[in-house]
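Reading through the structure tokens given below for one structure.
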Amino acid sequence: MGEWENGRMGIIVPILEGPDSYREGVGKEGFKKLNIGSMDAEFNVEKFRERFGSEIIEIRIKNQRRILITVRPDSIAGIAGYLFKDEEFRFIIASAMHTRRGFEIHYHFSRDSAGLILNIHVILDKENPQIASLSNMFNASNWIEREIHELFGINFLNHPNQEKLISEGNWAEGVYPLRKEFK
Amino acid sequence: MGRKTLIPIGPYHPLQEEPELFKLYCDGEIVKDVKWETGYNHRGIEKLSESKTYEQIFFLVERICGICSNSHPFAFANAVEEIAEIEITDKAKYIRTIIGELERIHSHLLWVGLAGHFLGYNTVFMWAWKYREPVLDLFEMISGNRNSYAMFKIGGVRRDIEEHKLPLIRKVLGDIKKKTDLLAGAIIDDPVIHIRTKGVGILTRQDIIDFGAVGPTARASGVAIDVRRDDPYAAYPLVSWKVITAEEGDVFAKAKVRLLEMYESISIIEQCLNGLVKEKGADIAVKIKEIPEGIGNGRAEAPRGEVFHFVQSDGSNSPVRHKIRAPSYVNIATFKKSCIGQTISDATISLAAVDPCYCCTERMASAFDLSSGNKIMNASELINTSMKRTESIRKMINRRL
């Protein structure tokens, strides 16, 4: 855009440039310029291990595009902040689940320049599940934390507005439909 | 200080994928704050999915969205095939890609039509929906259904696209290309559309990153993310195409991205059809044994952005947990940024610009006076304010000539 020219009807109309001028090429060159800056596209697991060594329980690398890291729940805010701000990951969504081990949450982060999905996995206490909220860091986690709170009863500490997202006003308190005991 | 007015959009409303209530708090014409309530049509699909077998879940997730009914099976297939480490045949890849891209064309045409309608261009609405019809006919020919195609299964596809169907597909694509030229020309040449859409509902790159928005919404703000390129699946690495981006982030940029994407989709399908001819006689599905224990992260680029499916398997025939994230879940939240500070007549098109699913019913929105509770505007009047604004701009321009 940017060029202005006398339009057909004699008034000033911005002219849409030919389609080619704002198409981005396939490949990492065009992408890096737009989104990632000079950042290395590959995620450095060793650097991550050095930085958060004591917080990490397990690292499982399935292939270059799928990495699962199990961490201690109280370190989630620091790790998510590092991934979002320093490593420029995009937060996709969080998936909670109820298993024999208690409550588990997978935080899915994506590095789009490498096609990488990094799952940060935490296991929470069975009796009193709670974890720090990420919503003060980025808005993307706001709705999903409200949803998890409503469906699983996991408490997100310092969440700006932990109201019900799905069933406002028409669902019993303390009944969590995605827990396994719910029939 | 004018009187504060609450304008609810919804709960049952054609702009949204599911019924959802947006409350616009207005001071005069200007929107000051937005709040929302969701879940009016919560169907519990994630819970339901835990009680179904992997084969059945395809038919379940297909029904999440009526317009992009192919993208959820696409992402689910990617997730399950990741767990079981299944590599599908090239022919199945081509067929999957053709279905996915045909869906993108008809979804974008539908968006162009409805965006036109909200701006008061009912001719564009009629045209775009008329041109969309042959694409649905193609789906009927290929799969037997105009919607919910039931084409996908683990390890491949259910139906082949036979060779005698290819000439008709090519002909329809050629026609759509011409019609897209026509629609793009109509938008570029019309000064009123420029005034109504430029600088309206702007989302900056920072907003996109903050809300995690995806798809054309992100690409129109200069964030070049596209799962088809970044995390390639199906036949996208086998064909050549380009990711369309724009920098402005307003409604016009989103329209531009969608229109240009249609050309890319046409080109992708044409290359896939050539690929199908080469793969003549190949199998459309591989045999699968069982789904082992593990987790799968599957994603696919729907017309509205990245669809994400997370599947945890314990080795039985149904998943332990199946998390679904549709693109509108993150895109609708950006309404808070794009809408505040706009006039009410621009709020309609700002919300429409992120393309929440239009598949539902009649538009239902009313304006109430907060102090008395009386209805001061009904649904059609609200659309009329948007249409009238276009009309007044048109008159103003004509007067100047």
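A note on labels: chains of the structure tokens are A, B, ... as shown, every chain counts residues from 1, and ligands are counted from 1 in their shown order.
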Compute the set of chain B residues within 9 Å of chain A, using only C-alpha atoms, and express it as a VMD selection string.
chain B and resid 37 to 42 46 to 47 188 to 191 194 209 to 213 222 to 227 229 to 232 240 to 248 256 260 296 to 297 308 310 320 to 325 329 to 330 333 397 400 to 401
With only C-alpha atoms as the counted atoms, please give the residues lying no more than 9 Å from segment 161-176 of chain B, apart from itself and same-chain residues fewer than 6 positions off, as a tab-separated table (two decimals) with N, CA and C atoms, in the first residue's frame.
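Result saved to out24.tsv:
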chain	number	residue	atom	x	y	z
B	95	ILE	N	-5.57	-35.91	-1.75
B	95	ILE	CA	-7.03	-35.81	-1.59
B	95	ILE	C	-7.37	-34.97	-0.36
B	105	ILE	N	-11.77	-22.03	0.04
B	105	ILE	CA	-12.36	-21.16	-0.98
B	105	ILE	C	-13.81	-20.85	-0.61
B	131	TYR	N	-21.46	-17.63	-6.28
B	131	TYR	CA	-20.22	-18.24	-6.77
B	131	TYR	C	-19.74	-19.35	-5.85
B	132	ARG	N	-20.19	-19.32	-4.60
B	132	ARG	CA	-19.79	-20.35	-3.65
B	132	ARG	C	-20.50	-21.67	-3.95
B	134	PRO	N	-21.13	-23.50	-6.71
B	134	PRO	CA	-20.45	-24.58	-7.45
B	134	PRO	C	-19.43	-25.35	-6.61
B	135	VAL	N	-18.81	-24.67	-5.62
B	135	VAL	CA	-17.83	-25.38	-4.78
B	135	VAL	C	-18.55	-26.43	-3.93
B	138	LEU	N	-19.24	-29.33	-5.96
B	138	LEU	CA	-18.06	-30.20	-6.09
B	138	LEU	C	-17.96	-31.14	-4.91
B	141	MET	N	-20.30	-33.91	-5.25
B	141	MET	CA	-19.84	-34.89	-6.24
B	141	MET	C	-18.73	-35.78	-5.65
B	142	ILE	N	-17.80	-35.16	-4.89
B	142	ILE	CA	-16.66	-35.91	-4.38
B	142	ILE	C	-17.06	-36.81	-3.21
B	143	SER	N	-17.81	-36.25	-2.26
B	143	SER	CA	-18.03	-36.98	-1.01
B	143	SER	C	-19.47	-37.42	-0.81
B	266	ILE	N	-6.58	-21.94	-5.13
B	266	ILE	CA	-6.87	-22.46	-6.46
B	266	ILE	C	-5.60	-23.08	-7.04
B	269	ILE	N	-4.81	-26.45	-5.37
B	269	ILE	CA	-5.68	-27.54	-5.82
B	269	ILE	C	-5.27	-28.00	-7.21
B	270	GLU	N	-4.95	-27.04	-8.09
B	270	GLU	CA	-4.56	-27.44	-9.44
B	270	GLU	C	-3.32	-28.33	-9.42
B	273	LEU	N	-4.30	-31.77	-8.19
B	273	LEU	CA	-4.99	-32.56	-9.21
B	273	LEU	C	-3.97	-33.21	-10.14
B	276	LEU	N	-2.56	-36.10	-8.35
B	276	LEU	CA	-3.48	-37.25	-8.33
B	276	LEU	C	-3.34	-38.08	-9.59
B	277	VAL	N	-3.20	-37.38	-10.74
B	277	VAL	CA	-3.07	-38.11	-12.02
B	277	VAL	C	-1.85	-39.00	-11.99
B	280	LYS	N	-2.04	-42.41	-9.98
B	280	LYS	CA	-3.15	-43.26	-10.41
B	280	LYS	C	-2.94	-44.71	-9.95
Give me the residues near Asn155 of chain A as a ChimeraX atom specification, where near means some atom within 8 Å (using only C-alpha atoms) and where sequence neighbours in that chain fewer than 2 positions away do not count.
/A:129-131,149,153,157
Distance of atom CA of Val192 of chain B from atom CA of Leu119 of chain B, expressed in Å to one decimal place:
9.6 Å
Neighbours of Pro292 of chain B within 9 Å (only C-alpha atoms; same-chain residues fewer than 2 positions away dropped), as a PyMOL selection string?
chain B and resi 83-84+290+294+313-316
Could those selected residues go to a file with N, CA and C atoms, as an mmCIF file, in the first residue's frame?
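The result, stored in part_4.cif:
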data_model
loop_
_atom_site.group_PDB
_atom_site.id
_atom_site.type_symbol
_atom_site.label_atom_id
_atom_site.label_comp_id
_atom_site.auth_asym_id
_atom_site.auth_seq_id
_atom_site.Cartn_x
_atom_site.Cartn_y
_atom_site.Cartn_z
ATOM 1 N N ILE B 83 0.668 -40.062 17.149
ATOM 2 C CA ILE B 83 0.814 -41.053 18.231
ATOM 3 C C ILE B 83 1.222 -42.398 17.645
ATOM 4 N N ALA B 84 0.512 -42.813 16.589
ATOM 5 C CA ALA B 84 0.738 -44.152 16.044
ATOM 6 C C ALA B 84 1.859 -44.182 15.019
ATOM 7 N N GLU B 290 -3.214 -50.722 15.897
ATOM 8 C CA GLU B 290 -3.792 -50.162 17.119
ATOM 9 C C GLU B 290 -3.080 -48.869 17.460
ATOM 10 N N GLY B 294 0.485 -42.804 24.366
ATOM 11 C CA GLY B 294 1.291 -41.627 24.030
ATOM 12 C C GLY B 294 0.448 -40.382 23.879
ATOM 13 N N SER B 313 -3.467 -40.860 24.665
ATOM 14 C CA SER B 313 -3.955 -42.226 24.512
ATOM 15 C C SER B 313 -3.322 -43.117 25.573
ATOM 16 N N ASP B 314 -4.112 -44.075 26.073
ATOM 17 C CA ASP B 314 -3.535 -45.038 27.019
ATOM 18 C C ASP B 314 -3.434 -46.417 26.395
ATOM 19 N N GLY B 315 -3.542 -46.480 25.077
ATOM 20 C CA GLY B 315 -3.428 -47.754 24.394
ATOM 21 C C GLY B 315 -4.753 -48.439 24.165
ATOM 22 N N SER B 316 -5.848 -47.895 24.691
ATOM 23 C CA SER B 316 -7.164 -48.486 24.445
ATOM 24 C C SER B 316 -7.734 -47.880 23.154
#
Could you make a table, as a Markdown table, of the residues of segment 83-148 of chain A that have an atom within 12 Å of an atom of segment 46-54 of chain A, each with its nearest atom pair and distance in Å to one decimal, counting only C-alpha atoms, in chain and number order?
| residue | atom | partner | partner_atom | distance |
| --- | --- | --- | --- | --- |
| A:Leu83 | CA | A:Phe48 | CA | 9.5 |
| A:Asp86 | CA | A:Phe48 | CA | 11.4 |
| A:Glu87 | CA | A:Phe48 | CA | 10.2 |
| A:Leu118 | CA | A:Phe48 | CA | 11.9 |
Skip His72 of chain B itself and residues of its chain fewer than 2 positions away, then list as a list in words all residues within 7 Å of it, counting only C-alpha atoms.
Val61, Glu62, Ser69, Asn70, Phe74, Ala75, Phe76 and Val307 of chain B
Next, write the just-selected residues to a file, as a PDB file, in the first residue's frame, keeping N, CA and C atoms as the atom set.
ATOM      1  N   VAL B  61     -16.086 -34.735  15.639  1.00  0.00           N
ATOM      2  CA  VAL B  61     -15.404 -33.440  15.527  1.00  0.00           C
ATOM      3  C   VAL B  61     -15.773 -32.721  14.226  1.00  0.00           C
ATOM      4  N   GLU B  62     -16.234 -33.475  13.242  1.00  0.00           N
ATOM      5  CA  GLU B  62     -16.692 -32.859  12.004  1.00  0.00           C
ATOM      6  C   GLU B  62     -17.868 -31.923  12.268  1.00  0.00           C
ATOM      7  N   SER B  69     -16.002 -27.815   8.371  1.00  0.00           N
ATOM      8  CA  SER B  69     -16.213 -29.115   8.985  1.00  0.00           C
ATOM      9  C   SER B  69     -15.099 -30.085   8.642  1.00  0.00           C
ATOM     10  N   ASN B  70     -14.144 -29.667   7.806  1.00  0.00           N
ATOM     11  CA  ASN B  70     -13.060 -30.559   7.457  1.00  0.00           C
ATOM     12  C   ASN B  70     -11.828 -30.337   8.311  1.00  0.00           C
ATOM     13  N   PHE B  74      -9.108 -33.001  10.163  1.00  0.00           N
ATOM     14  CA  PHE B  74      -7.735 -32.864   9.667  1.00  0.00           C
ATOM     15  C   PHE B  74      -6.757 -32.822  10.842  1.00  0.00           C
ATOM     16  N   ALA B  75      -7.023 -31.950  11.816  1.00  0.00           N
ATOM     17  CA  ALA B  75      -6.126 -31.811  12.961  1.00  0.00           C
ATOM     18  C   ALA B  75      -6.146 -33.076  13.814  1.00  0.00           C
ATOM     19  N   PHE B  76      -7.322 -33.680  13.961  1.00  0.00           N
ATOM     20  CA  PHE B  76      -7.429 -34.896  14.773  1.00  0.00           C
ATOM     21  C   PHE B  76      -6.646 -36.041  14.116  1.00  0.00           C
ATOM     22  N   VAL B 307      -6.214 -24.805  13.883  1.00  0.00           N
ATOM     23  CA  VAL B 307      -7.011 -25.684  14.736  1.00  0.00           C
ATOM     24  C   VAL B 307      -6.030 -26.600  15.459  1.00  0.00           C
TER      25      VAL B 307
END
Write down as a PDB file with N, CA and C atoms, in the first residue's frame the residues belonging to segment 10-183 of chain A that are assigned strand (DSSP E or B) by DSSP computed on the backbone.
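Below is the file that was written, part_28.pdb:
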ATOM      1  N   ILE A  12      -9.638  10.835  -4.499  1.00  0.00           N
ATOM      2  CA  ILE A  12      -8.397  10.177  -4.075  1.00  0.00           C
ATOM      3  C   ILE A  12      -8.723   8.791  -3.520  1.00  0.00           C
ATOM      4  N   VAL A  13      -8.153   7.781  -4.120  1.00  0.00           N
ATOM      5  CA  VAL A  13      -8.375   6.406  -3.663  1.00  0.00           C
ATOM      6  C   VAL A  13      -7.023   5.733  -3.515  1.00  0.00           C
ATOM      7  N   PRO A  14      -6.781   5.047  -2.431  1.00  0.00           N
ATOM      8  CA  PRO A  14      -5.547   4.268  -2.344  1.00  0.00           C
ATOM      9  C   PRO A  14      -5.603   3.102  -3.324  1.00  0.00           C
ATOM     10  N   ARG A  23       3.103 -10.597  -0.991  1.00  0.00           N
ATOM     11  CA  ARG A  23       3.126 -12.016  -0.671  1.00  0.00           C
ATOM     12  C   ARG A  23       4.471 -12.347  -0.074  1.00  0.00           C
ATOM     13  N   GLU A  24       4.454 -13.071   0.996  1.00  0.00           N
ATOM     14  CA  GLU A  24       5.717 -13.488   1.597  1.00  0.00           C
ATOM     15  C   GLU A  24       6.125 -14.829   1.011  1.00  0.00           C
ATOM     16  N   ILE A  56      13.284 -28.920  36.449  1.00  0.00           N
ATOM     17  CA  ILE A  56      12.879 -29.887  35.430  1.00  0.00           C
ATOM     18  C   ILE A  56      12.842 -31.294  36.017  1.00  0.00           C
ATOM     19  N   ILE A  57      11.741 -31.991  35.777  1.00  0.00           N
ATOM     20  CA  ILE A  57      11.627 -33.372  36.223  1.00  0.00           C
ATOM     21  C   ILE A  57      12.034 -34.316  35.097  1.00  0.00           C
ATOM     22  N   GLU A  58      11.583 -34.017  33.890  1.00  0.00           N
ATOM     23  CA  GLU A  58      11.846 -34.929  32.780  1.00  0.00           C
ATOM     24  C   GLU A  58      11.785 -34.175  31.446  1.00  0.00           C
ATOM     25  N   ILE A  59      12.658 -34.525  30.528  1.00  0.00           N
ATOM     26  CA  ILE A  59      12.580 -33.974  29.171  1.00  0.00           C
ATOM     27  C   ILE A  59      12.431 -35.138  28.206  1.00  0.00           C
ATOM     28  N   ARG A  60      11.389 -35.094  27.378  1.00  0.00           N
ATOM     29  CA  ARG A  60      11.207 -36.147  26.376  1.00  0.00           C
ATOM     30  C   ARG A  60      11.177 -35.506  25.001  1.00  0.00           C
ATOM     31  N   ILE A  61      12.140 -35.844  24.161  1.00  0.00           N
ATOM     32  CA  ILE A  61      12.186 -35.279  22.810  1.00  0.00           C
ATOM     33  C   ILE A  61      11.722 -36.359  21.850  1.00  0.00           C
ATOM     34  N   LYS A  62      10.532 -36.189  21.291  1.00  0.00           N
ATOM     35  CA  LYS A  62      10.011 -37.184  20.360  1.00  0.00           C
ATOM     36  C   LYS A  62      10.692 -37.003  19.008  1.00  0.00           C
ATOM     37  N   ASN A  63      10.695 -35.794  18.504  1.00  0.00           N
ATOM     38  CA  ASN A  63      11.472 -35.460  17.318  1.00  0.00           C
ATOM     39  C   ASN A  63      11.723 -33.962  17.364  1.00  0.00           C
ATOM     40  N   ARG A  66       8.454 -31.935  18.280  1.00  0.00           N
ATOM     41  CA  ARG A  66       7.601 -32.221  19.434  1.00  0.00           C
ATOM     42  C   ARG A  66       8.471 -32.501  20.647  1.00  0.00           C
ATOM     43  N   ILE A  67       8.424 -31.609  21.630  1.00  0.00           N
ATOM     44  CA  ILE A  67       9.209 -31.773  22.853  1.00  0.00           C
ATOM     45  C   ILE A  67       8.271 -31.682  24.050  1.00  0.00           C
ATOM     46  N   LEU A  68       8.438 -32.569  24.990  1.00  0.00           N
ATOM     47  CA  LEU A  68       7.625 -32.558  26.207  1.00  0.00           C
ATOM     48  C   LEU A  68       8.553 -32.389  27.403  1.00  0.00           C
ATOM     49  N   ILE A  69       8.299 -31.361  28.197  1.00  0.00           N
ATOM     50  CA  ILE A  69       9.133 -31.123  29.376  1.00  0.00           C
ATOM     51  C   ILE A  69       8.239 -31.097  30.605  1.00  0.00           C
ATOM     52  N   THR A  70       8.492 -32.009  31.539  1.00  0.00           N
ATOM     53  CA  THR A  70       7.735 -32.028  32.797  1.00  0.00           C
ATOM     54  C   THR A  70       8.490 -31.193  33.821  1.00  0.00           C
ATOM     55  N   VAL A  71       7.783 -30.238  34.428  1.00  0.00           N
ATOM     56  CA  VAL A  71       8.451 -29.341  35.375  1.00  0.00           C
ATOM     57  C   VAL A  71       7.676 -29.312  36.691  1.00  0.00           C
ATOM     58  N   ARG A  90       4.757 -18.714  20.978  1.00  0.00           N
ATOM     59  CA  ARG A  90       3.345 -18.331  20.997  1.00  0.00           C
ATOM     60  C   ARG A  90       2.599 -19.331  21.874  1.00  0.00           C
ATOM     61  N   PHE A  91       1.734 -18.818  22.735  1.00  0.00           N
ATOM     62  CA  PHE A  91       0.943 -19.712  23.586  1.00  0.00           C
ATOM     63  C   PHE A  91      -0.234 -20.226  22.778  1.00  0.00           C
ATOM     64  N   ILE A  92      -0.342 -21.542  22.587  1.00  0.00           N
ATOM     65  CA  ILE A  92      -1.469 -22.072  21.820  1.00  0.00           C
ATOM     66  C   ILE A  92      -2.664 -22.231  22.748  1.00  0.00           C
ATOM     67  N   ILE A  93      -2.523 -23.109  23.733  1.00  0.00           N
ATOM     68  CA  ILE A  93      -3.639 -23.386  24.649  1.00  0.00           C
ATOM     69  C   ILE A  93      -3.081 -24.253  25.770  1.00  0.00           C
ATOM     70  N   ALA A  94      -3.867 -24.456  26.796  1.00  0.00           N
ATOM     71  CA  ALA A  94      -3.484 -25.398  27.853  1.00  0.00           C
ATOM     72  C   ALA A  94      -4.527 -26.504  27.902  1.00  0.00           C
ATOM     73  N   SER A  95      -4.083 -27.747  28.096  1.00  0.00           N
ATOM     74  CA  SER A  95      -5.016 -28.864  28.234  1.00  0.00           C
ATOM     75  C   SER A  95      -4.865 -29.448  29.625  1.00  0.00           C
ATOM     76  N   ALA A  96      -5.952 -29.441  30.381  1.00  0.00           N
ATOM     77  CA  ALA A  96      -5.904 -30.075  31.691  1.00  0.00           C
ATOM     78  C   ALA A  96      -6.475 -31.474  31.568  1.00  0.00           C
ATOM     79  N   MET A  97      -6.069 -32.349  32.471  1.00  0.00           N
ATOM     80  CA  MET A  97      -6.697 -33.675  32.498  1.00  0.00           C
ATOM     81  C   MET A  97      -6.643 -34.237  33.909  1.00  0.00           C
ATOM     82  N   HIS A  98      -7.546 -35.160  34.167  1.00  0.00           N
ATOM     83  CA  HIS A  98      -7.661 -35.782  35.478  1.00  0.00           C
ATOM     84  C   HIS A  98      -7.227 -37.225  35.334  1.00  0.00           C
ATOM     85  N   THR A  99      -6.145 -37.585  36.002  1.00  0.00           N
ATOM     86  CA  THR A  99      -5.623 -38.950  35.887  1.00  0.00           C
ATOM     87  C   THR A  99      -5.383 -39.523  37.270  1.00  0.00           C
ATOM     88  N   GLY A 102      -3.281 -37.451  39.638  1.00  0.00           N
ATOM     89  CA  GLY A 102      -3.804 -36.168  40.102  1.00  0.00           C
ATOM     90  C   GLY A 102      -4.284 -35.366  38.906  1.00  0.00           C
ATOM     91  N   PHE A 103      -4.099 -34.068  39.004  1.00  0.00           N
ATOM     92  CA  PHE A 103      -4.462 -33.227  37.869  1.00  0.00           C
ATOM     93  C   PHE A 103      -3.203 -32.865  37.105  1.00  0.00           C
ATOM     94  N   GLU A 104      -3.306 -32.943  35.778  1.00  0.00           N
ATOM     95  CA  GLU A 104      -2.151 -32.608  34.955  1.00  0.00           C
ATOM     96  C   GLU A 104      -2.547 -31.503  33.997  1.00  0.00           C
ATOM     97  N   ILE A 105      -1.629 -30.604  33.741  1.00  0.00           N
ATOM     98  CA  ILE A 105      -1.867 -29.581  32.718  1.00  0.00           C
ATOM     99  C   ILE A 105      -0.707 -29.605  31.731  1.00  0.00           C
ATOM    100  N   HIS A 106      -1.052 -29.632  30.452  1.00  0.00           N
ATOM    101  CA  HIS A 106      -0.063 -29.442  29.403  1.00  0.00           C
ATOM    102  C   HIS A 106      -0.226 -28.014  28.897  1.00  0.00           C
ATOM    103  N   TYR A 107       0.820 -27.211  29.012  1.00  0.00           N
ATOM    104  CA  TYR A 107       0.811 -25.883  28.385  1.00  0.00           C
ATOM    105  C   TYR A 107       1.471 -26.033  27.020  1.00  0.00           C
ATOM    106  N   HIS A 108       0.703 -25.746  25.966  1.00  0.00           N
ATOM    107  CA  HIS A 108       1.245 -25.934  24.619  1.00  0.00           C
ATOM    108  C   HIS A 108       1.792 -24.611  24.106  1.00  0.00           C
ATOM    109  N   PHE A 109       3.087 -24.593  23.838  1.00  0.00           N
ATOM    110  CA  PHE A 109       3.711 -23.413  23.238  1.00  0.00           C
ATOM    111  C   PHE A 109       4.178 -23.773  21.836  1.00  0.00           C
ATOM    112  N   SER A 110       4.134 -22.772  20.946  1.00  0.00           N
ATOM    113  CA  SER A 110       4.518 -23.036  19.562  1.00  0.00           C
ATOM    114  C   SER A 110       5.613 -22.074  19.130  1.00  0.00           C
ATOM    115  N   ARG A 111       6.657 -22.628  18.502  1.00  0.00           N
ATOM    116  CA  ARG A 111       7.614 -21.753  17.811  1.00  0.00           C
ATOM    117  C   ARG A 111       7.373 -21.964  16.327  1.00  0.00           C
ATOM    118  N   LEU A 116       7.699 -26.075  15.840  1.00  0.00           N
ATOM    119  CA  LEU A 116       7.880 -26.812  17.102  1.00  0.00           C
ATOM    120  C   LEU A 116       6.688 -26.596  18.024  1.00  0.00           C
ATOM    121  N   ILE A 117       6.192 -27.692  18.599  1.00  0.00           N
ATOM    122  CA  ILE A 117       5.240 -27.582  19.701  1.00  0.00           C
ATOM    123  C   ILE A 117       5.948 -28.063  20.958  1.00  0.00           C
ATOM    124  N   LEU A 118       6.059 -27.174  21.941  1.00  0.00           N
ATOM    125  CA  LEU A 118       6.724 -27.491  23.198  1.00  0.00           C
ATOM    126  C   LEU A 118       5.645 -27.626  24.260  1.00  0.00           C
ATOM    127  N   ASN A 119       5.516 -28.807  24.819  1.00  0.00           N
ATOM    128  CA  ASN A 119       4.531 -29.017  25.881  1.00  0.00           C
ATOM    129  C   ASN A 119       5.214 -28.897  27.233  1.00  0.00           C
ATOM    130  N   ILE A 120       4.778 -27.924  28.011  1.00  0.00           N
ATOM    131  CA  ILE A 120       5.262 -27.828  29.383  1.00  0.00           C
ATOM    132  C   ILE A 120       4.218 -28.520  30.253  1.00  0.00           C
ATOM    133  N   HIS A 121       4.641 -29.579  30.912  1.00  0.00           N
ATOM    134  CA  HIS A 121       3.711 -30.480  31.592  1.00  0.00           C
ATOM    135  C   HIS A 121       3.896 -30.345  33.097  1.00  0.00           C
ATOM    136  N   VAL A 122       2.799 -30.119  33.810  1.00  0.00           N
ATOM    137  CA  VAL A 122       2.888 -30.071  35.273  1.00  0.00           C
ATOM    138  C   VAL A 122       1.896 -31.064  35.859  1.00  0.00           C
ATOM    139  N   ILE A 123       2.233 -31.623  37.021  1.00  0.00           N
ATOM    140  CA  ILE A 123       1.319 -32.521  37.734  1.00  0.00           C
ATOM    141  C   ILE A 123       0.960 -31.852  39.050  1.00  0.00           C
ATOM    142  N   LEU A 124      -0.335 -31.664  39.297  1.00  0.00           N
ATOM    143  CA  LEU A 124      -0.781 -30.932  40.471  1.00  0.00           C
ATOM    144  C   LEU A 124      -1.327 -31.898  41.522  1.00  0.00           C
ATOM    145  N   GLN A 130      -3.828 -26.328  42.557  1.00  0.00           N
ATOM    146  CA  GLN A 130      -3.707 -24.895  42.273  1.00  0.00           C
ATOM    147  C   GLN A 130      -2.368 -24.608  41.612  1.00  0.00           C
ATOM    148  N   ILE A 131      -2.343 -23.554  40.821  1.00  0.00           N
ATOM    149  CA  ILE A 131      -1.127 -23.184  40.089  1.00  0.00           C
ATOM    150  C   ILE A 131      -1.212 -21.702  39.772  1.00  0.00           C
ATOM    151  N   ALA A 132      -0.057 -21.086  39.526  1.00  0.00           N
ATOM    152  CA  ALA A 132      -0.040 -19.649  39.222  1.00  0.00           C
ATOM    153  C   ALA A 132      -0.679 -19.381  37.868  1.00  0.00           C
ATOM    154  N   ASN A 155      -7.516 -24.231  40.758  1.00  0.00           N
ATOM    155  CA  ASN A 155      -7.511 -22.821  41.125  1.00  0.00           C
ATOM    156  C   ASN A 155      -6.294 -22.129  40.514  1.00  0.00           C
ATOM    157  N   PHE A 156      -6.523 -21.017  39.819  1.00  0.00           N
ATOM    158  CA  PHE A 156      -5.415 -20.256  39.238  1.00  0.00           C
ATOM    159  C   PHE A 156      -5.167 -19.030  40.098  1.00  0.00           C
ATOM    160  N   LEU A 157      -3.989 -18.997  40.732  1.00  0.00           N
ATOM    161  CA  LEU A 157      -3.686 -17.923  41.670  1.00  0.00           C
ATOM    162  C   LEU A 157      -3.406 -16.634  40.911  1.00  0.00           C
TER     163      LEU A 157
END
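Residues in contact with Phe59 of chain B at up to 12 Å, not including ones fewer than 5 positions away on its chain and judged by only C-alpha atoms, are Ile45, Leu48, Ser49, Lys52, Thr53, Tyr54, Ile64, Cys65, Ser69, Asn70, His72, Pro73, Phe74, Phe76, Ala77, Asn147, Ser148, Tyr149, Ala150, Met151, Phe152 and Lys153 of chain B.
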Generate a file of the selected residues that holds N, CA and C atoms, formatted as a short mmCIF file (atom, residue, chain, number, x, y, z; two decimals), in the first residue's frame.
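Result file is selection_33.cif:
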data_model
loop_
_atom_site.label_atom_id
_atom_site.label_comp_id
_atom_site.auth_asym_id
_atom_site.auth_seq_id
_atom_site.Cartn_x
_atom_site.Cartn_y
_atom_site.Cartn_z
N ILE B 45 -18.28 -31.61 23.83
CA ILE B 45 -17.69 -32.52 22.86
C ILE B 45 -16.42 -33.17 23.41
N LEU B 48 -17.56 -35.97 25.56
CA LEU B 48 -18.18 -36.99 24.71
C LEU B 48 -17.12 -37.80 23.97
N SER B 49 -16.07 -37.09 23.57
CA SER B 49 -15.01 -37.73 22.79
C SER B 49 -14.32 -38.83 23.59
N LYS B 52 -15.94 -42.23 22.99
CA LYS B 52 -16.08 -42.76 21.63
C LYS B 52 -14.77 -43.38 21.16
N THR B 53 -14.85 -44.24 20.14
CA THR B 53 -13.63 -44.81 19.60
C THR B 53 -13.02 -43.83 18.60
N TYR B 54 -11.75 -44.09 18.28
CA TYR B 54 -11.05 -43.16 17.39
C TYR B 54 -11.77 -42.99 16.06
N ILE B 64 -18.32 -30.01 14.90
CA ILE B 64 -18.04 -28.85 15.75
C ILE B 64 -18.43 -27.59 15.00
N CYS B 65 -18.04 -27.52 13.74
CA CYS B 65 -18.28 -26.30 12.97
C CYS B 65 -18.89 -26.69 11.64
N SER B 69 -16.00 -27.81 8.37
CA SER B 69 -16.21 -29.12 8.99
C SER B 69 -15.10 -30.09 8.64
N ASN B 70 -14.14 -29.67 7.81
CA ASN B 70 -13.06 -30.56 7.46
C ASN B 70 -11.83 -30.34 8.31
N HIS B 72 -11.35 -29.82 11.56
CA HIS B 72 -11.20 -30.56 12.82
C HIS B 72 -10.79 -32.02 12.59
N PRO B 73 -11.44 -32.75 11.66
CA PRO B 73 -10.92 -34.09 11.36
C PRO B 73 -9.47 -34.06 10.90
N PHE B 74 -9.11 -33.00 10.16
CA PHE B 74 -7.73 -32.86 9.67
C PHE B 74 -6.76 -32.82 10.84
N PHE B 76 -7.32 -33.68 13.96
CA PHE B 76 -7.43 -34.90 14.77
C PHE B 76 -6.65 -36.04 14.12
N ALA B 77 -6.77 -36.14 12.79
CA ALA B 77 -6.01 -37.18 12.08
C ALA B 77 -4.52 -36.95 12.27
N ASN B 147 -21.82 -30.75 3.01
CA ASN B 147 -21.15 -30.35 4.23
C ASN B 147 -20.92 -31.61 5.05
N SER B 148 -20.01 -31.55 6.06
CA SER B 148 -19.69 -32.75 6.84
C SER B 148 -19.37 -33.91 5.90
N TYR B 149 -18.21 -33.81 5.30
CA TYR B 149 -17.91 -34.67 4.14
C TYR B 149 -17.58 -36.12 4.51
N ALA B 150 -17.21 -36.37 5.77
CA ALA B 150 -16.85 -37.73 6.19
C ALA B 150 -15.80 -38.35 5.28
N MET B 151 -14.80 -37.57 4.92
CA MET B 151 -13.77 -38.06 4.00
C MET B 151 -12.56 -38.67 4.72
N PHE B 152 -12.38 -38.30 6.00
CA PHE B 152 -11.12 -38.65 6.65
C PHE B 152 -11.26 -39.90 7.49
N LYS B 153 -10.18 -40.66 7.57
CA LYS B 153 -10.06 -41.71 8.59
C LYS B 153 -8.60 -41.85 8.95
#
